[in-house]
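Notes to accompany the following structure.
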Amino acid sequence: MTAAFFILANRLVNDPYYRPFLCLLKGIRNGLVYGCKIRFPHALVMTFLFRNGTFLQKIKAIVKATKTHATNLAKFVFIYKSIRLIFKTIFNEINQHHTLISAFIGGYVVFGEKNNVNEQINMYLLSRILVGLARICQEKNLIPQTNFHVFPWFGAIVWAIVLWIFEYHQHTLQPSLQSSMTYLYHDSNRWDSIKNLLVFNK
């Protein structure tokens with residue numbers, strides 16, 4: 001019975017007729033799994049290091065952040081792939097503008113809601129796409145290839161700007177970044193005993 005079930009199931013999942021719809025199903029599955037893999041350890045560490053509250057409140061915060069990240073990725077993948085499937089059905093192909101439109105709609109619906117998780121994801125992607133766009137411009141000779149090491153200057157500019165913002169306009173930074181930088185640069189100026197100089201922060 002079990003063997004027959006798996007034979008039938010494998011036959012169905014490998015049937016080309018069902019493949020477009022199964023791509024949506026696996027996209028949802030991968031969005032949920034990847035969201036949990038990425039968010040859970042991050043939320044666990046950041047919550048117990050920097051968040052105030054009871055143990056139960058911290059657990060609830062971790063679960064909420066993980067659920068939000070995972071479900072949002074799953075929803076985005078479903079919307080993006082569904083719209084591309086519609087374009088493929090109508091036009092028999094996928095063009096670059098089909099991809100842009102599909103992702104634009106998914107991004108607006110899913111990642112347009114302002115919350116801490118979406119803000120972090122959008123900021124993460126923004127930094128990556130700026131680098132990617134710069135490389136595309138170099139490949140297309142829109143900006144010249146450099147003959148010197150740019151990365152040290154990149155690092156210098158990024159850290160100069162972020163510390164300037166932190167020291168003089170801290171309220172404009174994301175709360176988790178404010179907490180991290182406060183821990184590093186301001187809490188290290190405060191102690192009243194050897195215990196909270198070397199063993200504990202406060």
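Going by the structure tokens order, chains are called A, B, ..., each with residues numbered from 1, while ligands are numbered from 1 in the order shown.
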Spatial neighbours of A:Lys75, max dist 8 Å, only C-alpha atoms, sep filter under 3 positions, as a VMD selection string: chain A and resid 28 31 71 to 72 78 to 79 110
Contact residues around A:Thr182 with only C-alpha atoms at 12 Å, ignoring same-chain residues under 3 positions, as a list in words: Phe50, Leu163, Phe166, Glu167, Gln170, His171, Leu173, Pro175, Ser176, Leu177, Gln178, Ser179, Tyr185, His186, Asp187, Ser188, Asn189, Arg190 and Asn201 of chain A
Any chance you can output those residues with C-alpha atoms as an mmCIF file, in the first residue's frame?
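File written: result-v6.cif
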```
data_model
loop_
_atom_site.group_PDB
_atom_site.id
_atom_site.type_symbol
_atom_site.label_atom_id
_atom_site.label_comp_id
_atom_site.auth_asym_id
_atom_site.auth_seq_id
_atom_site.Cartn_x
_atom_site.Cartn_y
_atom_site.Cartn_z
ATOM 1 C CA PHE A 50 19.011 43.404 23.745
ATOM 2 C CA LEU A 163 28.707 56.541 13.087
ATOM 3 C CA PHE A 166 24.430 57.332 15.280
ATOM 4 C CA GLU A 167 26.212 60.049 17.253
ATOM 5 C CA GLN A 170 20.475 58.363 16.398
ATOM 6 C CA HIS A 171 16.670 58.413 16.332
ATOM 7 C CA LEU A 173 18.368 54.607 12.658
ATOM 8 C CA PRO A 175 15.958 50.310 16.584
ATOM 9 C CA SER A 176 18.038 47.113 16.392
ATOM 10 C CA LEU A 177 20.982 49.050 14.931
ATOM 11 C CA GLN A 178 20.602 51.708 17.626
ATOM 12 C CA SER A 179 20.724 48.975 20.298
ATOM 13 C CA TYR A 185 30.013 52.741 21.714
ATOM 14 C CA HIS A 186 28.013 54.235 24.600
ATOM 15 C CA ASP A 187 27.668 51.422 27.139
ATOM 16 C CA SER A 188 31.440 50.963 26.966
ATOM 17 C CA ASN A 189 31.775 54.416 28.560
ATOM 18 C CA ARG A 190 29.801 53.445 31.677
ATOM 19 C CA ASN A 201 27.588 45.311 30.710
#
```
Spatial neighbours of A:Leu25, max dist 12 Å, only C-alpha atoms, sep filter under 4 positions, as an MDAnalysis selection string: chainID A and resid 13 18:21 29:32 74:75 77:79 81:82
DSSP-assigned helix (DSSP H, G or I) members of stretch 94-200 of chain A, reported as a ChimeraX atom specification: /A:96-111,116-139,151-168,170-172,175-189,195-199
Among the residues A:Leu197, A:Leu12, A:Ile121, A:Ala134, the one that comes closest to A:Leu73 [using only C-alpha atoms]: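 Of the candidates, the smallest distance to A:Leu73 is held by A:Ile121.
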Residues near A:Asn122, cut-off 12 Å, only C-alpha atoms, skip fewer than 6 positions along chain, as a list in words: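 What passes the distance filter is His69, Leu73, Gly107, Tyr108, Val110, Phe111, Gly112, Glu113, Lys114, Asn115, Asn116, Arg128 and Ile129 of chain A.
Between atom CA of A:Phe76 and atom CA of A:Val109 the interatomic distance comes to 8.1 Å.
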Spatial neighbours of A:Ser193, 10 Å, only C-alpha atoms, chain gap at least 6 places, as a PyMOL selection string: chain A and resi 199-200+202
Selected residues written out with N, CA and C atoms, as a short mmCIF file (atom, residue, chain, number, x, y, z; two decimals), in the first residue's frame:
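Generated output (result20.cif):
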```
data_model
loop_
_atom_site.label_atom_id
_atom_site.label_comp_id
_atom_site.auth_asym_id
_atom_site.auth_seq_id
_atom_site.Cartn_x
_atom_site.Cartn_y
_atom_site.Cartn_z
N VAL A 199 32.89 41.96 33.38
CA VAL A 199 32.04 40.75 33.39
C VAL A 199 30.67 41.02 32.80
N PHE A 200 29.97 42.04 33.30
CA PHE A 200 28.64 42.39 32.84
C PHE A 200 28.68 43.74 32.17
N LYS A 202 25.99 45.98 32.41
CA LYS A 202 25.37 46.92 33.36
C LYS A 202 25.20 46.27 34.70
#
```
Point-to-point distance in Å for atom CA of A:Lys60 and atom CA of A:Val117: 14.7 Å
